[in-house]
Structures are given as C-alpha cells and as structure tokens.
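Listing of model.txt, compact mmCIF, C-alpha atoms and all ligand atoms
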# COMPACT_ATOMS: atom_id res chain seq x y z
CA MET A 10 -101.91 -31.92 46.98
CA HIS A 11 -100.71 -30.63 43.62
CA ILE A 12 -97.62 -28.66 42.62
CA GLU A 13 -97.26 -25.84 40.10
CA ILE A 14 -94.04 -24.43 38.67
CA THR A 15 -94.70 -20.96 37.27
CA CYS A 16 -92.50 -18.33 35.60
CA TYR A 17 -92.27 -15.74 38.37
CA GLU A 18 -93.61 -12.96 36.15
CA ASP A 19 -96.78 -15.03 35.63
CA VAL A 20 -97.47 -15.51 39.35
CA PRO A 21 -100.71 -13.57 40.02
CA GLN A 22 -100.26 -10.42 42.11
CA SER A 23 -102.93 -11.63 44.56
CA LEU A 24 -100.88 -14.78 45.29
CA ARG A 25 -97.65 -12.75 45.61
CA ASP A 26 -99.37 -10.43 48.08
CA ASP A 27 -100.73 -13.34 50.10
CA ILE A 28 -97.31 -15.03 50.22
CA ASP A 29 -95.66 -11.75 51.30
CA LYS A 30 -98.24 -11.40 54.05
CA ARG A 31 -97.58 -14.94 55.35
CA ALA A 32 -93.81 -14.56 54.96
CA VAL A 33 -93.58 -11.73 57.48
CA GLU A 34 -95.06 -14.09 60.11
CA LEU A 35 -92.25 -16.61 59.58
CA ASP A 36 -89.06 -16.94 61.50
CA TRP A 37 -86.50 -16.87 58.70
CA GLY A 38 -83.61 -17.25 61.09
CA ASP A 39 -80.30 -15.64 60.22
CA THR A 40 -80.40 -13.67 56.95
CA TYR A 41 -76.61 -13.24 57.05
CA GLY A 42 -76.79 -9.45 56.85
CA VAL A 43 -77.66 -9.60 53.14
CA THR A 44 -79.42 -6.46 51.88
CA GLU A 45 -80.06 -7.51 48.28
CA TRP A 46 -81.41 -10.96 47.42
CA ALA A 47 -81.93 -12.31 43.90
CA GLY A 48 -85.55 -12.44 42.75
CA GLY A 49 -86.91 -15.80 41.65
CA ASP A 50 -87.12 -16.77 37.97
CA TRP A 51 -89.75 -19.42 38.80
CA GLN A 52 -92.00 -20.13 41.74
CA VAL A 53 -92.84 -23.65 42.90
CA THR A 54 -96.19 -23.59 44.69
CA VAL A 55 -97.82 -26.45 46.59
CA TRP A 56 -101.62 -26.40 46.72
CA GLU A 57 -104.24 -28.22 48.75
CA GLY A 58 -107.33 -27.51 46.70
CA GLU A 59 -107.55 -23.70 46.39
CA THR A 60 -105.14 -23.07 49.28
CA TRP A 61 -101.39 -22.60 48.79
CA THR A 62 -99.51 -24.36 51.56
CA SER A 63 -95.83 -24.18 50.65
CA MET A 64 -93.61 -22.44 48.12
CA LEU A 65 -90.05 -21.81 47.04
CA LEU A 66 -88.27 -19.68 44.48
CA LEU A 67 -85.96 -21.01 41.81
CA VAL A 68 -83.18 -19.04 40.09
CA LYS A 69 -81.10 -19.98 37.06
CA ARG A 70 -77.55 -18.67 37.48
CA ALA A 71 -74.12 -19.15 35.95
CA ILE A 72 -71.75 -19.19 38.94
CA MET A 73 -68.02 -19.83 39.26
CA VAL A 74 -66.59 -22.71 41.24
CA ASP A 75 -62.84 -22.79 41.68
CA GLY A 76 -62.58 -20.27 38.84
CA GLN A 77 -64.62 -22.36 36.39
CA PRO A 78 -68.14 -21.45 35.16
CA LEU A 79 -70.98 -23.71 36.27
CA LEU A 80 -74.73 -23.47 35.63
CA VAL A 81 -76.86 -24.05 38.72
CA GLY A 82 -80.50 -23.97 39.72
CA GLY A 83 -80.67 -21.95 42.93
CA ILE A 84 -83.35 -22.63 45.54
CA GLY A 85 -84.45 -20.00 48.05
CA SER A 86 -87.33 -18.67 50.15
CA VAL A 87 -88.50 -22.18 51.03
CA MET A 88 -91.54 -21.84 53.27
CA THR A 89 -94.62 -23.69 54.41
CA VAL A 90 -97.43 -21.88 56.20
CA PRO A 91 -97.35 -22.93 59.86
CA GLU A 92 -100.64 -24.85 59.84
CA TRP A 93 -99.47 -27.10 56.98
CA ARG A 94 -96.00 -27.99 58.29
CA GLY A 95 -94.71 -31.49 58.95
CA ARG A 96 -96.78 -33.08 56.18
CA GLY A 97 -94.09 -33.26 53.51
CA HIS A 98 -95.15 -30.19 51.54
CA ALA A 99 -91.72 -28.49 51.49
CA SER A 100 -90.12 -31.86 50.67
CA ALA A 101 -92.55 -32.26 47.76
CA ALA A 102 -91.72 -28.74 46.51
CA MET A 103 -88.00 -29.56 46.77
CA ARG A 104 -88.41 -32.77 44.78
CA ALA A 105 -90.33 -30.94 42.05
CA ALA A 106 -87.71 -28.16 41.97
CA SER A 107 -84.80 -30.63 41.79
CA THR A 108 -86.45 -32.45 38.87
CA PHE A 109 -87.04 -29.09 37.11
CA ILE A 110 -83.36 -28.13 37.58
CA ARG A 111 -82.29 -31.45 36.04
CA ASP A 112 -84.83 -31.78 33.22
CA GLN A 113 -85.76 -28.20 32.25
CA LEU A 114 -82.70 -26.13 33.18
CA LYS A 115 -80.37 -29.00 32.29
CA ALA A 116 -78.08 -27.72 35.03
CA PRO A 117 -75.71 -30.24 36.60
CA PHE A 118 -76.37 -28.99 40.15
CA GLY A 119 -78.91 -27.27 42.35
CA LEU A 120 -77.51 -25.00 45.06
CA LEU A 121 -78.94 -23.54 48.26
CA ILE A 122 -77.75 -22.10 51.54
CA CYS A 123 -79.38 -22.83 54.88
CA GLY A 124 -78.88 -22.99 58.62
CA SER A 125 -77.57 -26.21 60.21
CA HIS A 126 -81.05 -27.08 61.59
CA ARG A 127 -82.39 -27.46 58.02
CA VAL A 128 -79.71 -29.85 56.71
CA HIS A 129 -81.75 -32.98 57.53
CA LEU A 130 -84.78 -31.76 55.57
CA TYR A 131 -82.76 -31.13 52.40
CA GLN A 132 -80.58 -34.24 52.80
CA SER A 133 -83.72 -36.34 52.93
CA VAL A 134 -84.56 -35.23 49.38
CA GLY A 135 -81.10 -35.86 47.93
CA TRP A 136 -79.13 -32.67 48.67
CA GLN A 137 -75.54 -32.79 49.96
CA VAL A 138 -73.42 -30.41 52.03
CA VAL A 139 -70.36 -29.03 50.21
CA PRO A 140 -67.53 -26.79 51.46
CA GLY A 141 -67.24 -23.04 50.79
CA PRO A 142 -66.19 -20.35 50.97
CA LEU A 143 -69.11 -18.78 49.13
CA SER A 144 -68.98 -15.19 47.91
CA PHE A 145 -71.71 -13.06 46.38
CA SER A 146 -72.35 -9.51 45.19
CA GLN A 147 -74.06 -6.72 47.10
CA PRO A 148 -74.48 -3.03 46.25
CA SER A 149 -71.61 -2.43 48.69
CA GLY A 150 -69.32 -4.85 46.83
CA LYS A 151 -68.21 -8.47 47.08
CA ARG A 152 -69.06 -10.29 50.32
CA THR A 153 -68.43 -13.76 51.72
CA PHE A 154 -70.86 -15.76 53.82
CA PRO A 155 -69.74 -16.61 57.37
CA ASP A 156 -67.84 -19.90 57.73
CA ASP A 157 -70.77 -21.61 59.49
CA THR A 158 -73.17 -21.06 56.56
CA ILE A 159 -74.28 -24.41 55.20
CA ILE A 160 -74.01 -24.79 51.42
CA MET A 161 -75.91 -27.67 49.85
CA VAL A 162 -76.00 -28.95 46.29
CA TYR A 163 -78.23 -31.36 44.41
CA PRO A 164 -76.27 -33.45 41.90
CA CYS A 165 -78.45 -33.90 38.80
CA THR A 166 -75.99 -36.24 37.09
CA ASP A 167 -73.08 -38.37 38.26
CA GLN A 168 -70.76 -35.35 37.87
CA ARG A 169 -68.88 -34.71 41.12
CA TRP A 170 -69.06 -31.29 42.76
CA PRO A 171 -65.79 -29.59 41.70
CA GLY A 172 -65.00 -28.10 45.14
CA GLY A 173 -63.10 -24.89 45.77
CA PRO A 174 -64.30 -21.32 46.32
CA ILE A 175 -67.80 -20.55 45.04
CA ASP A 176 -68.74 -17.16 43.56
CA LEU A 177 -72.48 -16.71 43.01
CA CYS A 178 -71.68 -13.95 40.47
CA GLY A 179 -74.59 -11.86 41.73
CA PRO A 180 -76.79 -11.49 44.78
CA PRO A 181 -77.65 -14.63 46.77
CA TRP A 182 -81.03 -16.35 46.68
C1 LIG A 201 -88.58 -25.35 56.85
C2 LIG A 201 -90.00 -25.48 56.37
C3 LIG A 201 -90.07 -24.89 54.97
C4 LIG A 201 -90.39 -26.98 56.33
O1 LIG A 201 -91.67 -27.08 55.73
P1 LIG A 201 -92.56 -28.43 55.89
O2 LIG A 201 -93.60 -28.40 54.83
O3 LIG A 201 -92.99 -28.57 57.29
O4 LIG A 201 -91.48 -29.52 55.53
P2 LIG A 201 -91.73 -31.10 55.43
O5 LIG A 201 -93.05 -31.44 56.01
O6 LIG A 201 -91.45 -31.52 54.05
O7 LIG A 201 -90.55 -31.61 56.34
C5 LIG A 201 -90.49 -31.17 57.70
C6 LIG A 201 -90.21 -32.34 58.60
O8 LIG A 201 -91.37 -33.15 58.64
C7 LIG A 201 -91.02 -34.48 58.25
N1 LIG A 201 -92.13 -34.98 57.44
C8 LIG A 201 -92.24 -34.96 56.11
N2 LIG A 201 -93.38 -35.52 55.71
C9 LIG A 201 -94.02 -35.89 56.84
C10 LIG A 201 -95.24 -36.52 57.09
N3 LIG A 201 -96.05 -36.88 56.09
N4 LIG A 201 -95.58 -36.72 58.37
C11 LIG A 201 -94.78 -36.37 59.37
N5 LIG A 201 -93.58 -35.77 59.19
C12 LIG A 201 -93.22 -35.55 57.95
C13 LIG A 201 -89.77 -34.35 57.44
O9 LIG A 201 -88.99 -35.52 57.49
C14 LIG A 201 -89.09 -33.19 58.09
O10 LIG A 201 -88.33 -33.59 59.21
P3 LIG A 201 -86.89 -32.88 59.49
O11 LIG A 201 -87.17 -31.41 59.68
O12 LIG A 201 -86.42 -33.58 60.71
O13 LIG A 201 -86.07 -33.11 58.28
C15 LIG A 201 -91.00 -24.74 57.33
O14 LIG A 201 -90.76 -25.18 58.65
C16 LIG A 201 -90.87 -23.22 57.30
O15 LIG A 201 -91.53 -22.56 56.50
N6 LIG A 201 -90.02 -22.64 58.18
C17 LIG A 201 -89.83 -21.18 58.23
C18 LIG A 201 -89.03 -20.69 57.03
C19 LIG A 201 -87.71 -21.42 56.88
O16 LIG A 201 -86.98 -21.62 57.84
N7 LIG A 201 -87.41 -21.85 55.62
C20 LIG A 201 -86.20 -22.58 55.32
C21 LIG A 201 -85.11 -21.68 54.92
S1 LIG A 201 -83.63 -22.64 54.58

I'd like the structure from this file rewritten - as structure tokens, please.
Amino acid sequence: MHIEITCYEDVPQSLRDDIDKRAVELDWGDTYGVTEWAGGDWQVTVWEGETWTSMLLLVKRAIMVDGQPLLVGGIGSVMTVPEWRGRGHASAAMRAASTFIRDQLKAPFGLLICGSHRVHLYQSVGWQVVPGPLSFSQPSGKRTFPDDTIIMVYPCTDQRWPGGPIDLCGPPW
C-alpha cells in the first residue's frame, strides 16, 4: 500500500471520474440536507499497486470558534471501495491527512463531521469529539447542523480546543 497527497487540481480527470463512479455506489448516510459542499484543496489517495482503494479530501479553511478565528484542516468524503474495506486503508489515509494538517498546513486542528457509527474509526487515529453548535453557509443563507451531528477534531499540538459555537465560514466539507 502507498499513499499520495495531491493538489486537487492535479488529480487526473480519469481518476476523478473513476472515484465519482465508485462514490455513487456508496451509502453516504445522512448528508444533512446540504446542497453545496466545499471542494477539496488536496486529495489523499491510497493505492494497492495501480488500484486506488481509499481516498479523502482535505480543505484548508479559516473558521471561527467562539468568535475567534482558527485555521483548520478539514477532512471530508472519506471512502474506501467496498472490496478493500476493513484492512486499515481509511485509517492510513486519515493518519497521512492528520500529519499533513500538522506539518504542511501548520494548522492547530483538523476538523470533520460524521455520523455516530463512524466515531470509533476516527477516535482510533487520534480524533476527538467536541461540542457544537456548528454553522455553515449555503446559497440559501446560514444554516446549523442538527444537534446529533458529531463534530470531531484532531489536535496537532497541545493547544486545547477552545469550545463554543463553530462557524465554518463557508460551505461544509
Ligand atoms: C467508513 C469507511 C471509509 C471505512 O473504510 P475502511 O478502509 O474499511 O476503514 P479501516 O479499514 O481503516 O477501518 C474500518 C474498521 O476496520 C478495522 N480495521 C482496521 N484495520 C484492520 C485490519 N488490518 N484488519 C481488520 N480490521 C481492521 C478498524 O479498526 C475499523 O473498525 P471500526 O469501524 O470499528 O472503527 C468505509 O466503510 C466507507 O467507504 N464507507 C462508506 C462511505 C462513508 O460512510 N464514509 C465515511 C463518512 S464520515
């Protein structure tokens, strides 16, 4: 297995098309009624030889937490093709992404949202659940995720998560 982190604009169209094709087969669960998602700035791709097995998108975003600006690395669209699941490929992509957020973005935190059934996966690679509420922008205006949305952060340093309302200052990822 090897892992690539690529600027999204440099991801070959053939790979994007293949990922899109596989993504429609996946059960993404609740998409929270969001109509506009943020595009990725980078793509983390896991390969077995010539075959991609797992991927995620990474976004660099200045958000607000409790009214204060905070740089985060956002993780979204985590997926492993069904035949490669349960072998640690998504976990490996998450570890690579978390290291990139710390060392390349120099952001103090990673941030993602997920359903409750995914908490264990992300906790096992160092992510922690934090309280909301979490608001974001849509073409229709400002929206807030439902109370049961799980928000998780990856602390890159020993800085404590500030707590308080989170504003993604743009569409979610
Ligand atoms: C969620 C998803 C990305 C996980 O991908 P994956 O590559 O199977 O993930 P991993 O193999 O790293 O981890 C999956 C489980 O296998 C376990 N595992 C990891 N390595 C393993 C190994 N070598 N052998 C056996 N089990 C292993 C993990 O502990 C994890 O268990 P958990 O779910 O109880 O935490 C995949 O199921 C998927 O694409 N689902 C549909 C899309 C989706 O829901 N994405 C998440 C949005 S938040």

- Identify which of the residues A:Ala106, A:Thr62, A:Arg152, A:Ile12 lies closest to A:Met88, counting all atoms listed in the file when measuring atom-to-atom distances.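 Distance minimum relative to A:Met88 lands on A:Thr62.
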
- Which residues, protein or nucleic acid, reach to within 7 Å of (-72.6, -26.0, 55.1) in the file's coordinates when using all atoms listed in the file, and can you give that as a list in words?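 The requested residues, written out, are Val138, Val139, Pro140, Asp157, Thr158, Ile159, Ile160 and Met161 of chain A.
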
- Provide the atom CA of A:Trp182 to atom CA of A:Thr15 distance in Å, to one decimal place.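 Atom-to-atom, atom CA of A:Trp182 to atom CA of A:Thr15, that is 17.2 Å.
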
Mind dumping a table of every chain A residue within 7 Å of ligand LIG 201 (chain A), with the nearest atom pair and its distance in Å to one decimal, using all atoms listed in the file, sorted by chain and rising number, as CSV?
residue,atom,partner,partner_atom,distance
A:Leu35,CA,A:LIG201,C17,5.3
A:Asp36,CA,A:LIG201,C17,5.4
A:Trp37,CA,A:LIG201,O16,4.9
A:Gly38,CA,A:LIG201,O16,6.4
A:Ser63,CA,A:LIG201,O2,6.3
A:Ser86,CA,A:LIG201,C21,6.1
A:Val87,CA,A:LIG201,N7,4.7
A:Met88,CA,A:LIG201,O15,3.3
A:Thr89,CA,A:LIG201,O15,3.9
A:Val90,CA,A:LIG201,O15,5.9
A:Pro91,CA,A:LIG201,O15,6.7
A:Trp93,CA,A:LIG201,O2,6.4
A:Arg94,CA,A:LIG201,O3,3.2
A:Gly95,CA,A:LIG201,O5,3.4
A:Arg96,CA,A:LIG201,N3,3.9
A:Gly97,CA,A:LIG201,O6,3.2
A:His98,CA,A:LIG201,O2,4.1
A:Ala99,CA,A:LIG201,O2,3.8
A:Ser100,CA,A:LIG201,O6,3.6
A:Ala101,CA,A:LIG201,O6,6.4
A:Ile122,CA,A:LIG201,S1,6.6
A:Cys123,CA,A:LIG201,S1,4.3
A:Gly124,CA,A:LIG201,S1,6.2
A:Arg127,CA,A:LIG201,S1,6.1
A:His129,CA,A:LIG201,O13,4.4
A:Leu130,CA,A:LIG201,O13,3.3
A:Ser133,CA,A:LIG201,O13,6.7

- May I ask which of the residues A:Gln137, A:Thr153, A:Pro142, A:Asp112 is the closest one to A:Asp75, counting all atoms listed in the file?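 With all atoms listed in the file as the atom set, the closest residue is A:Pro142.
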
- Atomic distance atom CA of A:Asp29 - atom CA of A:Pro180, expressed in Å with one decimal: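 Computed distance, atom CA of A:Asp29 to atom CA of A:Pro180, equals 20.0 Å.
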
If we count all atoms listed in the file, what is near A:Gly119 at a cut-off of 8 Å, once residues fewer than 5 positions away on the same chain are taken out, given as a PDB file with C-alpha atoms, keeping the file's coordinate frame?
ATOM      1  CA  VAL A  81     -76.860 -24.050  38.720  1.00  0.00           C
ATOM      2  CA  GLY A  82     -80.500 -23.970  39.720  1.00  0.00           C
ATOM      3  CA  GLY A  83     -80.670 -21.950  42.930  1.00  0.00           C
ATOM      4  CA  ILE A  84     -83.350 -22.630  45.540  1.00  0.00           C
ATOM      5  CA  SER A 107     -84.800 -30.630  41.790  1.00  0.00           C
ATOM      6  CA  ILE A 110     -83.360 -28.130  37.580  1.00  0.00           C
ATOM      7  CA  VAL A 162     -76.000 -28.950  46.290  1.00  0.00           C
ATOM      8  CA  TYR A 163     -78.230 -31.360  44.410  1.00  0.00           C
ATOM      9  CA  PRO A 164     -76.270 -33.450  41.900  1.00  0.00           C
ATOM     10  CA  CYS A 165     -78.450 -33.900  38.800  1.00  0.00           C
TER      11      CYS A 165
END

- Determine, counting only C-alpha atoms, which protein, DNA and RNA residues have an atom within 12 Å of an atom of A:Glu59; residues of the same chain fewer than 3 positions away are not included. Present the result as a list in words.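 Residues near the query, excluding close chain neighbours: Met10, His11, Ile12, Leu24, Thr54, Val55, Trp56 and Thr62 of chain A.
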
- Work out how far apart atom CA of A:Glu13 and atom CA of A:Arg70 are and give it in Å to one decimal. 21.1 Å

- Message: Using only C-alpha atoms, can you tell me which of A:Leu177, A:Glu92, A:Leu121, A:Phe109 comes closest to A:Leu80?
- Response: A:Leu177

- Message: Using all atoms listed in the file, which protein or nucleic acid residues come within 10 Å of A:Tyr17? Drop anything in the same chain fewer than 2 positions from it, and give the result as number ranges by chain.
- Response: A: 14-15, 19-21, 25, 48-53, 66-68

- Message: Nearest residue to A:Thr60 out of A:Cys178, A:Ile28, A:Ala105, A:Cys16, using all atoms listed in the file?
- Response: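 Smallest distance to A:Thr60 is found for A:Ile28.
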
- May I have the residues within 12 Å of A:Val43 as a list in words, using only C-alpha atoms and disregarding those fewer than 6 positions away in the same chain? Ser144, Phe145, Ser146, Gln147, Pro148, Ser149, Gly150, Lys151, Arg152, Thr153, Phe154, Pro155, Pro180, Pro181 and Trp182 of chain A

- Message: Counting all atoms listed in the file, which residue out of A:Ser23, A:Asp176, A:Leu143, A:Gln168 sits closest to A:Asp156?
- Response: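 Looking only at the distances to A:Asp156, the closest residue turns out to be A:Leu143.
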
- Between A:Trp136, A:Phe118, A:Tyr41, A:Trp46, which is the closest to A:Gly179 once you count only C-alpha atoms? A:Trp46

- Query: Can you tell me, as a ChimeraX atom specification, what residues are no more than 10 Å from A:Pro171 when counting all atoms listed in the file, ignoring any on the same chain fewer than 2 positions away?
  - Reply: /A:74-75,77,79,139,168-169,173-175
